[in-house]
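*Asks:* File follows, run_37.tsv with TSV, N, CA and C atoms:
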```tsv
chain	number	residue	atom	x	y	z
A	120	MET	N	-0.71	16.79	-10.81
A	120	MET	CA	-0.29	16.60	-9.43
A	120	MET	C	1.05	15.86	-9.46
A	121	ASN	N	2.03	16.39	-8.73
A	121	ASN	CA	3.31	15.68	-8.73
A	121	ASN	C	3.22	14.44	-7.84
A	122	ASN	N	4.19	13.54	-8.03
A	122	ASN	CA	4.13	12.26	-7.33
A	122	ASN	C	4.25	12.40	-5.82
A	123	ASN	N	4.97	13.41	-5.35
A	123	ASN	CA	5.05	13.58	-3.89
A	123	ASN	C	3.67	13.86	-3.31
A	124	THR	N	2.91	14.73	-3.94
A	124	THR	CA	1.55	15.04	-3.46
A	124	THR	C	0.65	13.83	-3.60
A	125	TRP	N	0.71	13.20	-4.75
A	125	TRP	CA	-0.11	12.03	-5.03
A	125	TRP	C	0.17	10.91	-4.04
A	126	LEU	N	1.44	10.64	-3.78
A	126	LEU	CA	1.79	9.58	-2.84
A	126	LEU	C	1.38	9.92	-1.42
A	127	LYS	N	1.49	11.18	-1.04
A	127	LYS	CA	1.02	11.57	0.29
A	127	LYS	C	-0.47	11.29	0.44
A	128	GLU	N	-1.24	11.58	-0.61
A	128	GLU	CA	-2.68	11.30	-0.57
A	128	GLU	C	-2.95	9.80	-0.51
A	129	LEU	N	-2.18	9.01	-1.26
A	129	LEU	CA	-2.33	7.55	-1.23
A	129	LEU	C	-2.04	7.02	0.16
A	130	PHE	N	-0.89	7.39	0.74
A	130	PHE	CA	-0.53	6.89	2.06
A	130	PHE	C	-1.50	7.40	3.13
A	131	SER	N	-2.03	8.58	2.96
A	131	SER	CA	-3.04	9.09	3.89
A	131	SER	C	-4.29	8.21	3.86
A	132	ALA	N	-4.72	7.82	2.67
A	132	ALA	CA	-5.88	6.91	2.55
A	132	ALA	C	-5.59	5.57	3.21
A	133	ILE	N	-4.38	5.06	2.98
A	133	ILE	CA	-4.00	3.78	3.59
A	133	ILE	C	-3.99	3.90	5.11
A	134	ASP	N	-3.36	4.96	5.61
A	134	ASP	CA	-3.23	5.13	7.06
A	134	ASP	C	-4.58	5.39	7.74
A	135	ARG	N	-5.57	5.85	6.98
A	135	ARG	CA	-6.94	6.00	7.50
A	135	ARG	C	-7.74	4.71	7.32
A	136	LYS	N	-7.14	3.72	6.68
A	136	LYS	CA	-7.79	2.45	6.35
A	136	LYS	C	-9.05	2.69	5.51
A	137	ASP	N	-8.92	3.60	4.55
A	137	ASP	CA	-10.01	3.97	3.66
A	137	ASP	C	-9.88	3.18	2.36
A	138	THR	N	-10.48	2.01	2.32
A	138	THR	CA	-10.34	1.10	1.19
A	138	THR	C	-10.88	1.71	-0.10
A	139	THR	N	-12.00	2.39	-0.03
A	139	THR	CA	-12.58	3.00	-1.23
A	139	THR	C	-11.65	4.04	-1.82
A	140	LYS	N	-11.12	4.92	-0.99
A	140	LYS	CA	-10.18	5.94	-1.48
A	140	LYS	C	-8.92	5.27	-2.01
A	141	PHE	N	-8.41	4.26	-1.31
A	141	PHE	CA	-7.23	3.52	-1.77
A	141	PHE	C	-7.45	3.02	-3.19
A	142	CYS	N	-8.58	2.39	-3.43
A	142	CYS	CA	-8.85	1.80	-4.75
A	142	CYS	C	-9.04	2.85	-5.83
A	143	SER	N	-9.33	4.09	-5.45
A	143	SER	CA	-9.48	5.15	-6.45
A	143	SER	C	-8.15	5.52	-7.10
A	144	PHE	N	-7.04	5.08	-6.54
A	144	PHE	CA	-5.72	5.32	-7.10
A	144	PHE	C	-5.31	4.24	-8.10
A	145	LEU	N	-6.13	3.22	-8.28
A	145	LEU	CA	-5.79	2.05	-9.09
A	145	LEU	C	-6.55	2.04	-10.41
A	146	THR	N	-5.93	1.47	-11.45
A	146	THR	CA	-6.67	1.19	-12.67
A	146	THR	C	-7.63	0.04	-12.39
A	147	GLU	N	-8.65	-0.11	-13.22
A	147	GLU	CA	-9.63	-1.19	-13.04
A	147	GLU	C	-8.97	-2.57	-13.11
A	148	ASP	N	-7.90	-2.68	-13.92
A	148	ASP	CA	-7.24	-3.97	-14.10
A	148	ASP	C	-5.89	-4.04	-13.37
A	149	CYS	N	-5.74	-3.23	-12.35
A	149	CYS	CA	-4.50	-3.19	-11.57
A	149	CYS	C	-4.14	-4.58	-11.04
A	150	GLU	N	-2.83	-4.81	-10.92
A	150	GLU	CA	-2.33	-6.02	-10.27
A	150	GLU	C	-1.60	-5.61	-9.00
A	151	LEU	N	-1.94	-6.26	-7.89
A	151	LEU	CA	-1.35	-5.97	-6.59
A	151	LEU	C	-0.64	-7.21	-6.07
A	152	THR	N	0.63	-7.04	-5.71
A	152	THR	CA	1.36	-8.09	-5.00
A	152	THR	C	1.76	-7.52	-3.65
A	153	PHE	N	1.26	-8.12	-2.57
A	153	PHE	CA	1.47	-7.64	-1.21
A	153	PHE	C	2.33	-8.67	-0.50
A	154	GLY	N	3.60	-8.33	-0.27
A	154	GLY	CA	4.51	-9.25	0.40
A	154	GLY	C	4.64	-10.55	-0.37
A	155	ASN	N	4.57	-11.66	0.34
A	155	ASN	CA	4.70	-12.99	-0.27
A	155	ASN	C	3.37	-13.56	-0.73
A	156	ASN	N	2.31	-12.79	-0.68
A	156	ASN	CA	0.99	-13.27	-1.08
A	156	ASN	C	0.89	-13.33	-2.60
A	157	PRO	N	-0.01	-14.17	-3.11
A	157	PRO	CA	-0.21	-14.23	-4.56
A	157	PRO	C	-0.69	-12.88	-5.10
A	158	THR	N	-0.35	-12.62	-6.34
A	158	THR	CA	-0.80	-11.40	-7.01
A	158	THR	C	-2.32	-11.45	-7.18
A	159	VAL	N	-2.96	-10.32	-6.91
A	159	VAL	CA	-4.41	-10.17	-7.06
A	159	VAL	C	-4.64	-9.18	-8.20
A	160	ALA	N	-5.57	-9.50	-9.09
A	160	ALA	CA	-5.83	-8.65	-10.25
A	160	ALA	C	-7.26	-8.13	-10.22
A	161	GLY	N	-7.40	-6.87	-10.57
A	161	GLY	CA	-8.72	-6.25	-10.67
A	161	GLY	C	-9.07	-5.45	-9.43
A	162	ASN	N	-9.66	-4.30	-9.65
A	162	ASN	CA	-9.97	-3.37	-8.58
A	162	ASN	C	-10.87	-3.98	-7.51
A	163	SER	N	-11.89	-4.74	-7.90
A	163	SER	CA	-12.80	-5.31	-6.89
A	163	SER	C	-12.12	-6.39	-6.06
A	164	ALA	N	-11.27	-7.21	-6.67
A	164	ALA	CA	-10.53	-8.24	-5.92
A	164	ALA	C	-9.53	-7.59	-4.97
A	165	ILE	N	-8.89	-6.53	-5.43
A	165	ILE	CA	-7.94	-5.81	-4.57
A	165	ILE	C	-8.68	-5.17	-3.40
A	166	PHE	N	-9.86	-4.62	-3.66
A	166	PHE	CA	-10.67	-4.05	-2.58
A	166	PHE	C	-10.88	-5.08	-1.48
A	167	GLU	N	-11.27	-6.29	-1.84
A	167	GLU	CA	-11.54	-7.34	-0.85
A	167	GLU	C	-10.29	-7.68	-0.04
A	168	VAL	N	-9.14	-7.80	-0.71
A	168	VAL	CA	-7.89	-8.14	-0.03
A	168	VAL	C	-7.48	-7.03	0.93
A	169	ILE	N	-7.48	-5.80	0.45
A	169	ILE	CA	-7.04	-4.67	1.27
A	169	ILE	C	-8.01	-4.42	2.42
A	170	ASP	N	-9.31	-4.50	2.15
A	170	ASP	CA	-10.29	-4.31	3.21
A	170	ASP	C	-10.13	-5.37	4.30
A	171	GLY	N	-9.88	-6.61	3.90
A	171	GLY	CA	-9.63	-7.68	4.86
A	171	GLY	C	-8.38	-7.42	5.68
A	172	PHE	N	-7.33	-6.92	5.02
A	172	PHE	CA	-6.11	-6.59	5.74
A	172	PHE	C	-6.36	-5.48	6.75
A	173	PHE	N	-7.04	-4.42	6.32
A	173	PHE	CA	-7.32	-3.31	7.23
A	173	PHE	C	-8.12	-3.77	8.44
A	174	LYS	N	-9.02	-4.71	8.26
A	174	LYS	CA	-9.82	-5.21	9.38
A	174	LYS	C	-9.02	-6.10	10.32
A	175	SER	N	-7.84	-6.57	9.87
A	175	SER	CA	-7.02	-7.46	10.69
A	175	SER	C	-6.06	-6.71	11.61
A	176	ILE	N	-6.07	-5.37	11.54
A	176	ILE	CA	-5.19	-4.55	12.38
A	176	ILE	C	-5.99	-3.39	12.96
A	177	ASN	N	-5.48	-2.82	14.07
A	177	ASN	CA	-6.12	-1.62	14.63
A	177	ASN	C	-5.80	-0.38	13.82
A	178	SER	N	-4.51	-0.20	13.49
A	178	SER	CA	-4.11	0.99	12.76
A	178	SER	C	-2.75	0.78	12.12
A	179	LEU	N	-2.39	1.73	11.25
A	179	LEU	CA	-1.07	1.73	10.63
A	179	LEU	C	-0.70	3.15	10.27
A	180	SER	N	0.60	3.41	10.17
A	180	SER	CA	1.08	4.72	9.72
A	180	SER	C	2.41	4.53	9.00
A	181	HIS	N	2.55	5.26	7.91
A	181	HIS	CA	3.75	5.17	7.08
A	181	HIS	C	4.63	6.40	7.28
A	182	ASN	N	5.92	6.17	7.38
A	182	ASN	CA	6.92	7.23	7.36
A	182	ASN	C	7.76	7.02	6.11
A	183	VAL	N	7.47	7.79	5.07
A	183	VAL	CA	8.16	7.63	3.79
A	183	VAL	C	9.49	8.35	3.86
A	184	ALA	N	10.57	7.61	3.60
A	184	ALA	CA	11.91	8.18	3.66
A	184	ALA	C	12.33	8.79	2.32
A	185	GLU	N	11.92	8.14	1.23
A	185	GLU	CA	12.36	8.63	-0.08
A	185	GLU	C	11.42	8.16	-1.18
A	186	ILE	N	11.34	8.98	-2.21
A	186	ILE	CA	10.54	8.68	-3.40
A	186	ILE	C	11.42	8.93	-4.62
A	187	LYS	N	11.43	7.99	-5.54
A	187	LYS	CA	12.18	8.11	-6.80
A	187	LYS	C	11.27	7.76	-7.95
A	188	GLU	N	11.52	8.38	-9.09
A	188	GLU	CA	10.72	8.12	-10.28
A	188	GLU	C	11.64	7.87	-11.46
A	189	ILE	N	11.37	6.79	-12.19
A	189	ILE	CA	12.08	6.47	-13.43
A	189	ILE	C	11.03	6.13	-14.47
A	190	ASP	N	10.93	6.98	-15.48
A	190	ASP	CA	9.93	6.80	-16.53
A	190	ASP	C	8.53	6.67	-15.91
A	191	ASP	N	7.85	5.54	-16.15
A	191	ASP	CA	6.49	5.37	-15.63
A	191	ASP	C	6.45	4.56	-14.34
A	192	THR	N	7.59	4.46	-13.66
A	192	THR	CA	7.67	3.69	-12.43
A	192	THR	C	8.08	4.59	-11.27
A	193	VAL	N	7.35	4.47	-10.16
A	193	VAL	CA	7.63	5.25	-8.96
A	193	VAL	C	8.01	4.28	-7.84
A	194	PHE	N	9.06	4.62	-7.10
A	194	PHE	CA	9.54	3.81	-5.99
A	194	PHE	C	9.42	4.64	-4.71
A	195	SER	N	9.00	4.01	-3.63
A	195	SER	CA	9.01	4.67	-2.33
A	195	SER	C	9.44	3.65	-1.28
A	196	TYR	N	10.13	4.15	-0.27
A	196	TYR	CA	10.47	3.26	0.84
A	196	TYR	C	10.47	4.03	2.14
A	197	GLY	N	10.39	3.27	3.23
A	197	GLY	CA	10.37	3.88	4.55
A	197	GLY	C	10.05	2.85	5.60
A	198	ILE	N	9.40	3.31	6.66
A	198	ILE	CA	9.01	2.44	7.77
A	198	ILE	C	7.51	2.54	7.95
A	199	VAL	N	6.88	1.39	8.12
A	199	VAL	CA	5.45	1.35	8.41
A	199	VAL	C	5.28	0.85	9.84
A	200	ASN	N	4.44	1.53	10.60
A	200	ASN	CA	4.15	1.16	11.98
A	200	ASN	C	2.73	0.64	12.06
A	201	TYR	N	2.57	-0.54	12.63
A	201	TYR	CA	1.26	-1.17	12.78
A	201	TYR	C	0.91	-1.27	14.25
A	202	ILE	N	-0.37	-1.16	14.56
A	202	ILE	CA	-0.90	-1.53	15.87
A	202	ILE	C	-1.80	-2.73	15.63
A	203	ARG	N	-1.40	-3.85	16.23
A	203	ARG	CA	-2.16	-5.09	16.05
A	203	ARG	C	-3.48	-5.02	16.81
A	204	LEU	N	-4.32	-6.01	16.59
A	204	LEU	CA	-5.60	-6.06	17.30
A	204	LEU	C	-5.44	-6.22	18.80
A	205	ASP	N	-4.29	-6.78	19.25
A	205	ASP	CA	-4.02	-6.89	20.69
A	205	ASP	C	-3.30	-5.65	21.23
A	206	ASN	N	-3.24	-4.60	20.41
A	206	ASN	CA	-2.64	-3.30	20.73
A	206	ASN	C	-1.12	-3.32	20.83
A	207	LYS	N	-0.47	-4.39	20.41
A	207	LYS	CA	0.99	-4.41	20.34
A	207	LYS	C	1.43	-3.68	19.08
A	208	SER	N	2.55	-2.98	19.20
A	208	SER	CA	3.11	-2.21	18.09
A	208	SER	C	4.15	-3.03	17.34
A	209	VAL	N	4.10	-2.97	16.02
A	209	VAL	CA	5.06	-3.66	15.15
A	209	VAL	C	5.50	-2.68	14.07
A	210	SER	N	6.80	-2.60	13.82
A	210	SER	CA	7.32	-1.75	12.75
A	210	SER	C	8.07	-2.61	11.73
A	211	ALA	N	8.04	-2.17	10.48
A	211	ALA	CA	8.72	-2.91	9.42
A	211	ALA	C	9.18	-1.94	8.34
A	212	ASN	N	10.29	-2.27	7.70
A	212	ASN	CA	10.73	-1.54	6.52
A	212	ASN	C	9.84	-1.93	5.36
A	213	PHE	N	9.56	-0.99	4.47
A	213	PHE	CA	8.78	-1.31	3.28
A	213	PHE	C	9.39	-0.64	2.06
A	214	CYS	N	9.11	-1.22	0.92
A	214	CYS	CA	9.42	-0.61	-0.37
A	214	CYS	C	8.24	-0.87	-1.28
A	215	ASN	N	7.75	0.17	-1.92
A	215	ASN	CA	6.65	0.04	-2.87
A	215	ASN	C	7.15	0.39	-4.26
A	216	VAL	N	6.69	-0.36	-5.24
A	216	VAL	CA	6.99	-0.09	-6.64
A	216	VAL	C	5.66	0.06	-7.36
A	217	PHE	N	5.46	1.22	-7.97
A	217	PHE	CA	4.22	1.53	-8.67
A	217	PHE	C	4.52	1.69	-10.16
A	218	LYS	N	3.89	0.90	-10.99
A	218	LYS	CA	3.93	1.08	-12.44
A	218	LYS	C	2.68	1.87	-12.80
A	219	MET	N	2.87	3.07	-13.36
A	219	MET	CA	1.77	4.00	-13.57
A	219	MET	C	1.22	3.93	-14.99
A	220	GLN	N	-0.08	4.25	-15.11
A	220	GLN	CA	-0.73	4.35	-16.41
A	220	GLN	C	-1.79	5.46	-16.32
A	221	ASN	N	-1.57	6.53	-17.07
A	221	ASN	CA	-2.52	7.65	-17.09
A	221	ASN	C	-2.84	8.18	-15.70
A	222	GLY	N	-1.82	8.29	-14.85
A	222	GLY	CA	-1.99	8.86	-13.52
A	222	GLY	C	-2.52	7.92	-12.46
A	223	LEU	N	-2.75	6.65	-12.83
A	223	LEU	CA	-3.23	5.65	-11.87
A	223	LEU	C	-2.22	4.51	-11.78
A	224	ILE	N	-2.33	3.73	-10.71
A	224	ILE	CA	-1.43	2.60	-10.51
A	224	ILE	C	-1.93	1.41	-11.33
A	225	LYS	N	-1.09	0.93	-12.22
A	225	LYS	CA	-1.40	-0.24	-13.05
A	225	LYS	C	-0.85	-1.51	-12.39
A	226	GLU	N	0.33	-1.41	-11.79
A	226	GLU	CA	0.95	-2.52	-11.06
A	226	GLU	C	1.45	-1.97	-9.72
A	227	TYR	N	1.11	-2.66	-8.64
A	227	TYR	CA	1.44	-2.20	-7.29
A	227	TYR	C	2.14	-3.35	-6.58
A	228	ARG	N	3.41	-3.16	-6.27
A	228	ARG	CA	4.20	-4.17	-5.58
A	228	ARG	C	4.59	-3.64	-4.20
A	229	ILE	N	4.22	-4.37	-3.16
A	229	ILE	CA	4.54	-3.99	-1.78
A	229	ILE	C	5.53	-5.01	-1.24
A	230	PHE	N	6.72	-4.55	-0.94
A	230	PHE	CA	7.74	-5.42	-0.36
A	230	PHE	C	7.85	-5.09	1.13
A	231	VAL	N	7.33	-6.01	1.96
A	231	VAL	CA	7.32	-5.82	3.41
A	231	VAL	C	7.15	-7.18	4.07
A	232	ASP	N	7.75	-7.33	5.23
A	232	ASP	CA	7.58	-8.56	6.01
A	232	ASP	C	6.58	-8.27	7.13
A	233	ILE	N	5.36	-8.78	6.97
A	233	ILE	CA	4.31	-8.53	7.97
A	233	ILE	C	4.10	-9.74	8.88
A	234	SER	N	5.04	-10.68	8.89
A	234	SER	CA	4.85	-11.91	9.68
A	234	SER	C	4.65	-11.61	11.17
A	235	GLN	N	5.27	-10.55	11.69
A	235	GLN	CA	5.12	-10.22	13.12
A	235	GLN	C	3.72	-9.74	13.46
A	236	LEU	N	2.95	-9.34	12.46
A	236	LEU	CA	1.58	-8.90	12.74
A	236	LEU	C	0.71	-10.04	13.24
A	237	TYR	N	1.04	-11.23	12.83
A	237	TYR	CA	0.16	-12.37	13.11
A	237	TYR	C	0.84	-13.46	13.93
A	238	SER	N	1.97	-13.13	14.58
A	238	SER	CA	2.65	-14.16	15.39
A	238	SER	C	2.53	-13.86	16.87
```
When written as structure tokens, how does the structure in this file appear?
*Replies:*
Amino acid sequence: MNNNTWLKELFSAIDRKDTTKFCSFLTEDCELTFGNNPTVAGNSAIFEVIDGFFKSINSLSHNVAEIKEIDDTVFSYGIVNYIRLDNKSVSANFCNVFKMQNGLIKEYRIFVDISQLYS
């Protein structure tokens, strides 16, 4: 599966807030850094963090502008649109960096400012 297809499936799982499907894209020992939060290691710990995040918002949708690949690293950026629990809409630029291992994400870095979600 090429990275464009794979990433579309990943973002589809995220936009559906499907934590189980999201985690199926990760290695068991994956490391996730989400914004300014501390890095979380391990699939089960990441599940808890992402599931908690999904429960803190009504919905989200990603508009990916570009995808680039260099060796075992994939980069994507675009705009993510959130609907907060109070139904206010918030948009932010994002950039994701994925370090891949055997077709799964070994390191997942999310660069986004989500401060408006909770202010």
*Asks:* Once DSSP has gone over the backbone, tell me which residues of region 156-201 of chain A are in helix (DSSP H, G or I), as number ranges by chain.
*Replies:* A: 162-174
*Asks:* Got a sec to check which residues sit within 12 Å of (2.8, 9.1, -3.9), counting only C-alpha atoms, and write them as a PyMOL selection string?
*Replies:* chain A and resi 120-133+141+144+181+183-188+192-196+215-219+222-224+227
*Asks:* Select, from A:Asn200, A:Asn212, A:Asn182, A:Asn162, the residue with the minimum atom-to-atom distance to Leu145 (chain A), counting only N, CA and C atoms.
*Replies:* A:Asn162
*Asks:* Apply DSSP to the structure's backbone, then extract all residues of chain A labelled strand (DSSP E) and return them as a PyMOL selection string.
*Replies:* chain A and resi 145-153+159-160+176-189+192-203+208-220+223-231
*Asks:* Rank nothing, just name the residue among A:Asp137, A:Ile189, A:Pro157, A:Asn221 nearest to Phe173 (chain A), using all atoms listed in the file.
*Replies:*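 The answer is A:Asp137, which sits nearest to Phe173 (chain A).
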*Asks:* Between A:Ser178, A:Ser163, A:Asn206, A:Asn155, which one has atoms that come closest to Lys136 (chain A), using all atoms listed in the file?
*Replies:*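 The answer is A:Ser178, which sits nearest to Lys136 (chain A).
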*Asks:* Report, in Å with one decimal, the straight-line distance from atom C of Asp134 (chain A) to atom C of Asn177 (chain A).
*Replies:*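 That distance, rounded to one decimal, is 8.5 Å.
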*Asks:* Using only C-alpha atoms, which residues sit within 7 Å of Glu150 (chain A) once same-chain residues fewer than 4 positions away are excluded, as a PyMOL selection string?
*Replies:* chain A and resi 158-161+225-227
